[in-house]
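Below: entry08.cif (mmCIF, C-alpha atoms and all ligand atoms)
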data_protein
#
loop_
_atom_site.label_atom_id
_atom_site.label_comp_id
_atom_site.auth_asym_id
_atom_site.auth_seq_id
_atom_site.Cartn_x
_atom_site.Cartn_y
_atom_site.Cartn_z
CA MET A 1 34.81 6.59 10.20
CA ASN A 2 31.11 7.24 9.45
CA PRO A 3 29.95 10.81 10.19
CA ILE A 4 27.51 11.15 13.09
CA PRO A 5 24.00 11.04 11.59
CA HIS A 6 21.77 14.06 11.93
CA ILE A 7 18.13 13.68 13.03
CA THR A 8 15.44 16.27 12.29
CA LEU A 9 12.78 16.58 14.99
CA LEU A 10 9.34 17.86 13.96
CA PRO A 11 7.25 18.13 17.16
CA GLY A 12 4.18 19.55 15.36
CA ASP A 13 0.82 20.15 17.06
CA GLY A 14 -1.25 18.94 20.01
CA ILE A 15 0.50 16.18 21.93
CA GLY A 16 3.25 16.09 19.27
CA PRO A 17 5.71 18.26 21.25
CA GLU A 18 5.16 16.22 24.45
CA VAL A 19 5.76 12.81 22.85
CA THR A 20 8.65 14.10 20.72
CA ALA A 21 10.45 15.53 23.75
CA ALA A 22 10.01 12.21 25.56
CA THR A 23 11.35 10.27 22.58
CA HIS A 24 14.30 12.59 22.07
CA SER A 25 15.36 12.14 25.68
CA ILE A 26 14.99 8.35 25.50
CA LEU A 27 17.04 8.16 22.28
CA VAL A 28 19.81 10.17 23.90
CA ASP A 29 19.75 8.16 27.12
CA ALA A 30 19.68 4.88 25.20
CA GLY A 31 22.98 5.90 23.64
CA LEU A 32 21.96 6.91 20.12
CA SER A 33 24.92 8.45 18.36
CA ALA A 34 23.33 11.38 16.50
CA THR A 35 22.93 15.14 16.40
CA PHE A 36 19.48 16.73 16.47
CA SER A 37 17.74 19.90 15.32
CA THR A 38 14.12 20.92 15.78
CA HIS A 39 11.93 22.45 13.06
CA ALA A 40 8.40 23.79 12.73
CA ILE A 41 5.54 22.04 10.96
CA GLY A 42 1.78 21.84 11.21
CA TRP A 43 -1.40 23.68 11.97
CA ALA A 44 0.14 26.49 14.01
CA GLU A 45 2.45 27.28 11.06
CA TRP A 46 -0.53 27.32 8.72
CA CYS A 47 -2.53 29.66 10.94
CA ALA A 48 0.35 32.09 11.47
CA HIS A 49 2.10 31.99 8.07
CA GLY A 50 -0.20 30.26 5.59
CA GLU A 51 2.32 27.41 5.08
CA PRO A 52 2.21 24.27 7.24
CA LEU A 53 5.48 22.97 5.76
CA PRO A 54 8.05 25.81 5.84
CA SER A 55 10.82 25.54 3.25
CA ASP A 56 13.61 25.40 5.86
CA THR A 57 11.82 22.44 7.45
CA LEU A 58 11.66 20.66 4.12
CA ASP A 59 15.38 21.39 3.56
CA ALA A 60 16.23 20.00 7.00
CA VAL A 61 14.27 16.82 6.37
CA ARG A 62 15.93 16.42 2.97
CA THR A 63 19.43 16.70 4.36
CA SER A 64 19.13 14.62 7.54
CA ALA A 65 19.69 10.90 7.98
CA ALA A 66 16.17 10.46 9.35
CA THR A 67 13.26 12.49 10.72
CA LEU A 68 11.19 11.99 13.86
CA MET A 69 7.77 13.63 13.82
CA GLY A 70 5.33 14.06 16.71
CA ALA A 71 1.91 14.71 15.23
CA ILE A 72 0.15 17.32 13.19
CA THR A 73 -3.39 18.60 13.17
CA SER A 74 -5.25 18.69 9.88
CA LYS A 75 -8.72 20.17 9.65
CA PRO A 76 -11.30 20.52 6.87
CA GLU A 77 -11.08 23.30 4.29
CA ALA A 78 -13.57 25.61 6.02
CA ASP A 79 -11.64 25.51 9.33
CA ALA A 80 -8.37 26.13 7.49
CA ALA A 81 -9.82 29.28 5.96
CA ARG A 82 -11.39 30.44 9.23
CA GLU A 83 -8.28 29.95 11.38
CA LEU A 84 -5.82 31.53 8.94
CA ALA A 85 -4.31 34.82 10.15
CA PRO A 86 -6.57 37.67 8.93
CA HIS A 87 -3.83 39.35 6.87
CA LEU A 88 -3.39 36.14 4.82
CA ARG A 89 -7.04 35.60 3.95
CA ASP A 90 -8.28 36.19 0.38
CA ARG A 91 -4.77 35.74 -0.98
CA GLY A 92 -5.45 32.39 -2.55
CA VAL A 93 -3.33 30.37 -0.09
CA ARG A 94 -4.72 26.85 0.31
CA TYR A 95 -4.07 24.36 3.07
CA ARG A 96 -2.35 21.16 1.96
CA SER A 97 -1.54 18.43 4.47
CA PRO A 98 2.19 18.74 5.23
CA ILE A 99 2.58 15.03 5.87
CA VAL A 100 0.96 14.11 2.56
CA ARG A 101 3.29 16.64 0.92
CA LEU A 102 6.36 15.34 2.74
CA ARG A 103 5.55 11.81 1.65
CA ARG A 104 5.26 12.98 -1.94
CA GLU A 105 8.28 15.35 -1.97
CA LEU A 106 10.58 12.74 -0.46
CA ASP A 107 8.88 9.81 -2.14
CA LEU A 108 8.26 8.09 1.20
CA TYR A 109 6.22 5.40 -0.46
CA ALA A 110 6.15 2.64 2.15
CA CYS A 111 4.56 3.18 5.52
CA LEU A 112 5.39 0.35 7.92
CA ARG A 113 2.97 0.07 10.81
CA PRO A 114 3.65 -2.79 13.20
CA ALA A 115 0.85 -3.55 15.67
CA ARG A 116 1.59 -6.04 18.39
CA ALA A 117 0.11 -6.87 21.73
CA TRP A 118 2.37 -6.35 24.76
CA PRO A 119 2.37 -8.58 27.85
CA GLY A 120 0.83 -6.62 30.68
CA VAL A 121 -1.39 -4.46 28.48
CA PRO A 122 -5.03 -5.53 28.36
CA CYS A 123 -6.22 -5.63 24.78
CA ILE A 124 -8.91 -7.16 22.60
CA HIS A 125 -6.61 -9.75 21.02
CA PRO A 126 -3.36 -10.61 22.86
CA ASP A 127 -2.24 -12.67 19.84
CA THR A 128 -2.11 -9.68 17.50
CA ASN A 129 1.19 -9.17 15.72
CA ILE A 130 0.57 -7.66 12.32
CA LEU A 131 2.76 -5.50 10.14
CA THR A 132 0.75 -3.31 7.76
CA VAL A 133 2.72 -2.07 4.77
CA ARG A 134 0.74 0.87 3.48
CA GLU A 135 1.30 2.56 0.12
CA SER A 136 1.71 6.26 0.84
CA THR A 137 1.97 8.23 -2.38
CA GLU A 138 -1.22 7.64 -4.32
CA GLY A 139 -4.66 6.03 -4.01
CA LEU A 140 -7.41 8.29 -2.70
CA TYR A 141 -4.83 10.48 -0.96
CA CYS A 142 -3.33 11.73 -4.21
CA GLY A 143 -5.20 15.02 -3.90
CA ILE A 144 -7.04 14.82 -7.22
CA GLU A 145 -10.35 16.23 -6.08
CA LEU A 146 -13.07 18.35 -7.60
CA ASP A 147 -15.86 20.07 -5.73
CA ASN A 148 -19.07 21.63 -7.03
CA LEU A 149 -19.04 19.67 -10.26
CA ASP A 150 -21.32 20.88 -13.03
CA THR A 151 -22.49 18.84 -16.00
CA GLU A 152 -20.02 20.47 -18.37
CA ARG A 153 -16.95 19.67 -16.27
CA ALA A 154 -18.33 16.27 -15.40
CA ALA A 155 -18.74 15.42 -19.08
CA MET A 156 -15.02 15.96 -19.59
CA ILE A 157 -14.27 13.28 -16.99
CA HIS A 158 -16.81 10.51 -17.51
CA TYR A 159 -20.11 10.12 -19.31
CA ASP A 160 -21.78 8.56 -16.25
CA LEU A 161 -20.68 11.47 -14.10
CA ALA A 162 -22.28 13.96 -16.47
CA THR A 163 -25.52 11.97 -16.32
CA LEU A 164 -25.34 11.97 -12.53
CA CYS A 165 -24.87 15.74 -12.51
CA GLU A 166 -27.87 16.19 -14.77
CA ARG A 167 -30.08 14.10 -12.56
CA THR A 168 -28.94 15.38 -9.19
CA THR A 169 -29.57 18.70 -7.55
CA GLY A 170 -27.15 20.12 -5.01
CA ARG A 171 -23.43 19.81 -4.54
CA ILE A 172 -21.42 17.00 -6.15
CA ALA A 173 -17.74 16.36 -5.39
CA LEU A 174 -15.25 13.84 -6.67
CA SER A 175 -12.09 12.34 -5.13
CA ALA A 176 -10.07 10.16 -7.50
CA ARG A 177 -8.24 6.97 -6.60
CA ILE A 178 -5.03 6.63 -8.60
CA THR A 179 -3.14 3.34 -8.78
CA THR A 180 0.00 2.94 -10.87
CA ASP A 181 1.81 -0.25 -11.72
CA HIS A 182 5.09 1.33 -10.57
CA ALA A 183 3.85 2.24 -7.07
CA SER A 184 1.99 -1.04 -6.69
CA ARG A 185 5.02 -3.12 -7.56
CA ARG A 186 7.37 -1.30 -5.22
CA ILE A 187 4.99 -1.42 -2.25
CA VAL A 188 4.34 -5.12 -2.76
CA ARG A 189 8.08 -5.71 -3.05
CA ALA A 190 8.62 -3.85 0.24
CA ALA A 191 5.99 -6.09 1.87
CA PHE A 192 7.59 -9.26 0.56
CA GLU A 193 10.97 -8.17 1.88
CA GLN A 194 9.45 -7.47 5.29
CA ALA A 195 7.72 -10.86 5.25
CA ARG A 196 11.05 -12.55 4.57
CA LEU A 197 12.60 -10.76 7.56
CA ARG A 198 9.78 -11.73 9.89
CA ALA A 199 9.85 -15.32 8.71
CA LEU A 200 13.58 -15.45 9.33
CA ALA A 201 13.22 -13.96 12.83
CA ARG A 202 10.52 -16.50 13.76
CA ASN A 203 11.59 -19.48 11.76
CA ALA A 204 8.10 -19.52 10.27
CA PRO A 205 6.77 -19.57 6.72
CA ALA A 206 6.71 -16.16 5.02
CA ARG A 207 3.36 -14.84 3.86
CA VAL A 208 1.87 -11.59 2.61
CA THR A 209 -1.82 -10.74 2.42
CA LEU A 210 -2.84 -8.15 -0.14
CA LEU A 211 -5.99 -6.24 0.88
CA GLU A 212 -7.98 -4.80 -2.03
CA LYS A 213 -11.47 -4.49 -3.46
CA PRO A 214 -10.99 -5.44 -7.10
CA ASN A 215 -14.54 -6.73 -7.55
CA ILE A 216 -15.86 -3.17 -7.13
CA LEU A 217 -12.87 -0.90 -7.79
CA ARG A 218 -12.10 -2.83 -10.95
CA ALA A 219 -9.63 -0.63 -12.80
CA THR A 220 -7.40 0.41 -9.90
CA GLY A 221 -7.87 -2.90 -8.09
CA SER A 222 -6.67 -4.94 -11.01
CA VAL A 223 -3.51 -2.82 -11.38
CA MET A 224 -2.63 -3.69 -7.79
CA LEU A 225 -3.49 -7.37 -8.18
CA ASP A 226 -1.53 -7.80 -11.39
CA ALA A 227 1.46 -6.03 -9.84
CA ALA A 228 1.30 -8.24 -6.75
CA ARG A 229 1.22 -11.43 -8.81
CA ALA A 230 4.14 -10.23 -10.93
CA VAL A 231 6.26 -9.41 -7.87
CA ALA A 232 5.30 -12.67 -6.18
CA ALA A 233 7.05 -14.54 -8.98
CA ASP A 234 10.35 -13.12 -7.69
CA PHE A 235 9.65 -14.41 -4.16
CA PRO A 236 8.92 -18.12 -4.44
CA ASP A 237 9.56 -18.49 -0.70
CA VAL A 238 6.76 -16.04 0.26
CA ALA A 239 3.08 -17.04 -0.03
CA LEU A 240 0.75 -14.39 -1.43
CA GLU A 241 -2.87 -14.31 -0.28
CA ILE A 242 -5.43 -11.85 -1.64
CA GLU A 243 -8.46 -10.72 0.31
CA ASN A 244 -11.11 -8.05 0.11
CA ILE A 245 -10.44 -5.23 2.57
CA ASP A 246 -13.90 -5.36 4.16
CA ALA A 247 -13.77 -9.11 4.76
CA ALA A 248 -10.23 -8.77 6.12
CA CYS A 249 -11.36 -6.20 8.71
CA MET A 250 -14.04 -8.61 9.92
CA HIS A 251 -11.65 -11.57 9.97
CA ALA A 252 -8.96 -9.57 11.78
CA ALA A 253 -11.44 -8.49 14.45
CA MET A 254 -12.31 -12.16 15.04
CA ASP A 255 -8.85 -13.72 14.60
CA PRO A 256 -5.88 -11.43 13.96
CA THR A 257 -3.47 -14.39 13.78
CA ARG A 258 -4.71 -14.89 10.20
CA TYR A 259 -2.44 -11.96 9.28
CA ALA A 260 1.32 -11.49 9.53
CA VAL A 261 2.32 -8.94 6.88
CA VAL A 262 -0.45 -7.19 5.00
CA VAL A 263 0.01 -4.80 2.11
CA ALA A 264 -2.58 -2.31 0.93
CA GLU A 265 -3.07 0.91 -0.95
CA ASN A 266 -3.18 4.18 0.96
CA LEU A 267 -6.68 4.37 2.44
CA PHE A 268 -7.14 0.64 2.99
CA GLY A 269 -3.75 0.47 4.71
CA ASP A 270 -4.63 3.45 6.89
CA ILE A 271 -7.88 1.86 8.03
CA PHE A 272 -6.53 -1.64 8.52
CA SER A 273 -3.50 -0.48 10.50
CA ASP A 274 -5.76 1.51 12.83
CA LEU A 275 -7.86 -1.60 13.33
CA ALA A 276 -4.74 -3.63 14.11
CA ALA A 277 -3.60 -0.92 16.55
CA GLY A 278 -7.01 -1.00 18.22
CA LEU A 279 -6.93 -4.78 18.57
CA SER A 280 -3.50 -4.78 20.13
CA GLY A 281 -3.52 -2.02 22.72
CA GLY A 282 -4.72 1.28 21.34
CA PRO A 283 -3.29 4.39 19.72
CA GLY A 284 -0.71 5.05 22.41
CA LEU A 285 1.35 2.00 21.44
CA ALA A 286 1.45 2.00 17.61
CA PRO A 287 4.62 3.29 15.89
CA SER A 288 5.29 3.82 12.19
CA ALA A 289 8.05 4.36 9.66
CA SER A 290 7.59 6.06 6.30
CA ILE A 291 10.34 4.85 4.05
CA GLY A 292 11.55 5.84 0.61
CA ASP A 293 14.67 4.91 -1.29
CA THR A 294 16.58 7.92 0.05
CA HIS A 295 14.69 9.28 3.08
CA ALA A 296 12.85 8.00 6.11
CA LEU A 297 10.42 9.58 8.56
CA PHE A 298 9.24 8.04 11.83
CA GLU A 299 6.09 8.99 13.71
CA PRO A 300 3.45 7.52 15.99
CA VAL A 301 0.33 6.32 14.16
CA HIS A 302 -1.88 8.46 16.38
CA GLY A 303 -2.79 12.04 15.58
CA SER A 304 -2.31 15.21 17.57
CA ALA A 305 -5.04 14.27 20.10
CA PRO A 306 -6.19 17.85 20.77
CA ASP A 307 -8.52 16.56 23.50
CA ILE A 308 -5.57 15.69 25.78
CA ALA A 309 -2.87 18.08 24.50
CA GLY A 310 -0.85 20.06 27.03
CA ARG A 311 -2.03 17.97 30.00
CA ASN A 312 1.01 15.71 30.40
CA ILE A 313 -1.15 12.59 30.02
CA ALA A 314 -0.34 11.51 26.44
CA ASN A 315 1.18 8.07 26.16
CA PRO A 316 4.67 8.58 24.66
CA ILE A 317 5.24 4.90 23.82
CA ALA A 318 4.06 5.01 20.18
CA ALA A 319 6.53 7.83 19.56
CA ILE A 320 9.29 6.11 21.55
CA LEU A 321 8.83 2.89 19.57
CA SER A 322 8.96 4.99 16.39
CA GLY A 323 12.28 6.28 17.74
CA ALA A 324 13.45 2.67 18.10
CA MET A 325 12.57 2.04 14.45
CA LEU A 326 14.57 5.15 13.59
CA ALA A 327 17.57 3.86 15.52
CA ARG A 328 17.41 0.59 13.60
CA HIS A 329 17.15 2.50 10.32
CA ILE A 330 20.32 4.47 10.99
CA ASN A 331 22.08 1.25 11.75
CA GLN A 332 22.09 1.35 15.53
CA PRO A 333 20.13 -1.85 16.24
CA ASP A 334 21.52 -2.19 19.75
CA VAL A 335 19.90 1.13 20.67
CA ALA A 336 16.61 0.03 19.10
CA GLU A 337 16.72 -3.24 20.99
CA ARG A 338 17.50 -1.46 24.27
CA ILE A 339 14.52 0.85 23.87
CA GLU A 340 12.10 -1.92 22.89
CA ARG A 341 13.26 -4.02 25.84
CA ALA A 342 12.75 -1.08 28.21
CA VAL A 343 9.25 -0.50 26.87
CA ALA A 344 8.37 -4.21 27.22
CA ARG A 345 9.68 -4.29 30.77
CA THR A 346 7.80 -1.12 31.68
CA LEU A 347 4.51 -2.37 30.25
CA ALA A 348 4.90 -5.73 32.00
CA ASP A 349 6.02 -4.52 35.42
CA ALA A 350 5.36 -0.83 36.02
CA PRO A 351 2.79 0.08 38.69
CA PRO A 352 -0.37 1.91 37.54
CA SER A 353 0.88 5.06 39.28
CA THR A 354 3.53 5.43 36.55
CA LEU A 355 1.33 4.58 33.54
CA THR A 356 -0.72 7.06 31.52
CA PRO A 357 -4.54 7.03 31.73
CA ASP A 358 -4.98 5.24 28.36
CA LEU A 359 -3.10 2.31 29.97
CA LYS A 360 -5.44 2.47 32.97
CA GLY A 361 -2.80 4.24 35.00
CA THR A 362 -2.82 7.36 37.10
CA GLY A 363 0.59 8.62 36.00
CA SER A 364 1.72 11.06 33.34
CA THR A 365 3.76 11.34 30.14
CA GLN A 366 6.68 12.27 32.37
CA SER A 367 6.34 9.41 34.85
CA LEU A 368 6.00 6.85 32.05
CA THR A 369 9.02 8.27 30.21
CA ASP A 370 11.06 8.24 33.43
CA THR A 371 10.15 4.59 34.05
CA ILE A 372 11.19 3.60 30.53
CA ARG A 373 14.43 5.53 31.05
CA ARG A 374 15.18 3.63 34.25
CA ASN A 375 14.55 0.35 32.42
CA LEU A 376 16.94 1.16 29.56
CA TRP A 377 19.99 -0.15 31.30
CA SER A 378 18.48 -2.83 33.50
CA ASN A 379 20.05 -6.28 33.40
CA ASP A 380 16.95 -8.00 32.12
CA ASP A 381 18.23 -9.56 28.92
CA LYS A 382 14.85 -10.68 27.61
CA ARG A 383 15.04 -10.11 23.88
CA VAL A 384 12.04 -8.30 22.44
CA GLY A 385 13.14 -8.20 18.85
CA SER A 386 11.71 -6.26 16.00
CA ASP A 387 10.30 -7.68 12.84
CA THR A 388 10.79 -4.62 10.73
CA ALA A 389 13.94 -3.42 9.13
CA THR A 390 13.97 -0.28 7.07
CA GLN A 391 17.22 -0.65 5.28
P1 LIG B 1 -6.01 14.33 14.43
O1 LIG B 1 -7.05 15.13 13.69
O2 LIG B 1 -4.78 15.11 14.72
O3 LIG B 1 -5.72 13.00 13.80
P2 LIG B 1 -7.79 12.98 16.25
O4 LIG B 1 -8.31 13.39 17.61
O5 LIG B 1 -8.76 12.81 15.16
O6 LIG B 1 -6.63 14.03 15.88
P3 LIG B 1 -5.99 11.09 17.35
O7 LIG B 1 -5.13 12.24 17.64
O8 LIG B 1 -5.32 9.88 16.84
O9 LIG B 1 -7.08 11.54 16.32
O10 LIG B 1 -6.81 10.72 18.65
C1 LIG B 1 -7.85 9.74 18.68
C2 LIG B 1 -8.14 9.39 20.14
O11 LIG B 1 -7.04 8.64 20.69
C3 LIG B 1 -8.32 10.61 21.03
O12 LIG B 1 -9.32 10.36 21.99
C4 LIG B 1 -6.98 10.76 21.70
O13 LIG B 1 -7.04 11.36 22.97
C5 LIG B 1 -6.48 9.33 21.81
N1 LIG B 1 -5.00 9.29 21.70
C6 LIG B 1 -4.30 9.49 20.57
N2 LIG B 1 -2.99 9.42 20.85
C7 LIG B 1 -2.86 9.17 22.16
C8 LIG B 1 -1.75 9.00 23.04
N3 LIG B 1 -0.47 9.07 22.60
N4 LIG B 1 -1.99 8.78 24.35
C9 LIG B 1 -3.25 8.70 24.80
N5 LIG B 1 -4.34 8.84 24.02
C10 LIG B 1 -4.16 9.08 22.71
#
Just give me the structure of the file as structure tokens.
Ligand code: ATP
Amino acid sequence: MNPIPHITLLPGDGIGPEVTAATHSILVDAGLSATFSTHAIGWAEWCAHGEPLPSDTLDAVRTSAATLMGAITSKPEADAARELAPHLRDRGVRYRSPIVRLRRELDLYACLRPARAWPGVPCIHPDTNILTVRESTEGLYCGIELDNLDTERAAMIHYDLATLCERTTGRIALSARITTDHASRRIVRAAFEQARLRALARNAPARVTLLEKPNILRATGSVMLDAARAVAADFPDVALEIENIDAACMHAAMDPTRYAVVVAENLFGDIFSDLAAGLSGGPGLAPSASIGDTHALFEPVHGSAPDIAGRNIANPIAAILSGAMLARHINQPDVAERIERAVARTLADAPPSTLTPDLKGTGSTQSLTDTIRRNLWSNDDKRVGSDTATQ
């Protein structure tokens, strides 16, 4: 008999604890067979202890079958220094985003962000159903950054940069975009596999659109393009299209049905998936899965939303749908299906008094969660289906 899987919960900051509690309760009520433990992460940990990712949290994530995260607050360098506990200042501790670190430590290289419109939810494009597969370990998020460059340091990096330093007065900073063949190939492969799954589920042709900017970002862009073409050779049944990221954003805003599965490096994937979420119903409905070969972390796409934190008005659905993706990942697809069906039913039928304000309702996080809970075991057998599989 398989051991019962263990799930690490990381509520985090802002609305993170509210949406995580809602998701935990829905997973339990939907019949997920798992044990849970809760661990600290985020801005509050940084302010109090100078470490937003405590080592026992990292250990828990490493040893669990999957992790569910709420949201974390990240702020610019100056705020990090200002809000750090006084006794920790001037000790050389530096804030590093815990989620970026988690992705790197656990090699969670593929971030799957499905964005779909839901019947009953007004949105810009009711035909939107796009899966963004975002590379999560490199690109501009790799943390290779230099501030206050002088000519001497600049000369060590690039001749043109030294010239720029000579000619410019005032502060100059540099953030590097790194693209490796290894990471490009594996993210494209992940996208092709997802495209196959979607095509199978819909009995439709499989296609992947790679979003890049190789005409301007020539070196890094061509690594990604070459990798994509090489991987495509192993998937003769999946069509590969290549488009510039800026043009794709415009095309998606006009006609999102042009896209089914898109794959992109870190920043481009981040931006495009937010656009897709915006087209299809807003931040409260967009889930995500960060997948590696050995670990997986699930979280809503939205951030910690400090403007509405602690007011019981955050929409928990993005987190709950992330929980459904988690259930599917740990091989409990019936639980995932039950949750997705309950969400669909709630969005289609629930009165405004139960919905959160972002859904034009007058209800709360609690009332929306309770409605989803009631719909978990209803007899409506309408299949919602998911197009993402993480195993
Ligand atoms: P962070 O710096 O943590 O990313 P942010 O405010 O920049 O925070 P989000 O947290 O994603 O970014 O919030 C963007 C907007 O979307 C805010 O107005 C927020 O209130 C809203 N929002 C985000 N998540 C939700 C949610 N679950 N329910 C309702 N509104 C949300």
Original post:
Quick one: residues within 9 Å of range 232-247 of chain A, all atoms listed in the file counted, chain neighbours fewer than 3 positions away excluded, as a ChimeraX atom specification?
Top reply: /A:188-189,192-193,195-196,205-215,225,227-229,250-252,264,268,272
Original post:
Skipping near chain neighbours, those fewer than 6 positions away, what residues fall within 9 Å of Thr20 in chain A using all atoms listed in the file, listed as JSON, numbers by chain?
Top reply: {"A": [9, 10, 11, 12, 68, 69, 70, 71, 316, 319, 320]}
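Distances here use all atoms listed in the file; by that measure, the residue among A:Arg91, A:Thr132, A:Thr35, A:Ala190 closest to Arg113 in chain A is A:Thr132.
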Subject >> Expected answer as a PyMOL selection string: residues within 9 Å of ligand LIG 1 (chain B), all atoms listed in the file >> reply: chain A and resi 13-16+19+71-75+282-286+300-309+313-319+356-359+365
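Of the residues listed (A:Gly50, A:Ala327, A:Cys142, A:Leu217), A:Ala327 shows the shortest atom-to-atom separation from Ala34 in chain A; distances use only C-alpha atoms.
Here CA of Ala176 in chain A stands at a distance of 7.8 Å from CA of Gly143 in chain A.
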Original post:
Can you tell me, as a PyMOL selection string, what residues are no more than 10 Å from Pro86 in chain A when counting all atoms listed in the file, ignoring any on the same chain fewer than 4 positions away?
Top reply: chain A and resi 47-48+81-82+90
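Distances from A:Gln366, A:Glu265, A:Cys111, A:Ala342 to Val133 in chain A were compared using all atoms listed in the file, and the smallest one belongs to A:Cys111.
The interatomic distance for the pair CA of Arg89 in chain A and CA of Asp147 in chain A works out to 20.3 Å.
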I'd like the neighbourhood of Thr8 in chain A as a PDB file with C-alpha atoms, in the coordinates of the input, where a residue qualifies if any of its atoms comes within 8 Å (using only C-alpha atoms), though same-chain residues fewer than 2 positions away should be ignored.
ATOM      1  CA  HIS A   6      21.770  14.060  11.930  1.00  0.00           C
ATOM      2  CA  LEU A  10       9.340  17.860  13.960  1.00  0.00           C
ATOM      3  CA  PHE A  36      19.480  16.730  16.470  1.00  0.00           C
ATOM      4  CA  SER A  37      17.740  19.900  15.320  1.00  0.00           C
ATOM      5  CA  THR A  38      14.120  20.920  15.780  1.00  0.00           C
ATOM      6  CA  HIS A  39      11.930  22.450  13.060  1.00  0.00           C
ATOM      7  CA  ALA A  60      16.230  20.000   7.000  1.00  0.00           C
ATOM      8  CA  VAL A  61      14.270  16.820   6.370  1.00  0.00           C
ATOM      9  CA  SER A  64      19.130  14.620   7.540  1.00  0.00           C
ATOM     10  CA  ALA A  66      16.170  10.460   9.350  1.00  0.00           C
ATOM     11  CA  THR A  67      13.260  12.490  10.720  1.00  0.00           C
ATOM     12  CA  LEU A  68      11.190  11.990  13.860  1.00  0.00           C
TER      13      LEU A  68
END
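Of note, CA of Leu146 in chain A and CA of Ala162 in chain A are spaced 13.5 Å apart.
Comparing the minimum interatomic distances between Val121 in chain A and each of A:Leu297, A:Ala289, A:Leu27, A:Leu279, counting only C-alpha atoms, we find that A:Leu279 sits nearest.
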With 5 Å added on each side, what axis-aligned box encloses every listed atom of range 136-150 of chain A? Give the centre and edge lengths in Å to one decimal, as JSON.
{"center_x": -9.7, "center_y": 13.8, "center_z": -6.1, "size_x": 33.3, "size_y": 25.6, "size_z": 23.9}
**OP:** Find the spatial neighbours of Trp377 in chain A, counting only C-alpha atoms, within a cut-off of 12 Å - ignore same-chain residues fewer than 5 positions away - and output them as a VMD selection string.
**Re:** chain A and resid 26 29 to 31 334 to 335 337 to 343 345 371 to 372
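Among the candidates A:Thr257, A:Ser184, A:Asn148, A:Gln332, the residue lying nearest to Gly170 in chain A is A:Asn148 (atoms considered: only C-alpha atoms).
With distances taken over all atoms listed in the file, A:Ile178 is the one residue among A:Leu326, A:Ile178, A:Ala219, A:Ala155 lying closest to Gly139 in chain A.
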**OP:** Kindly provide, as a ChimeraX atom specification, the polymer residues lying within 7 Å of (0.1, -3.5, 21.8), counting all atoms listed in the file and using the coordinates exactly as they appear in the file.
**Re:** /A:115-118,121,277,280-282,285
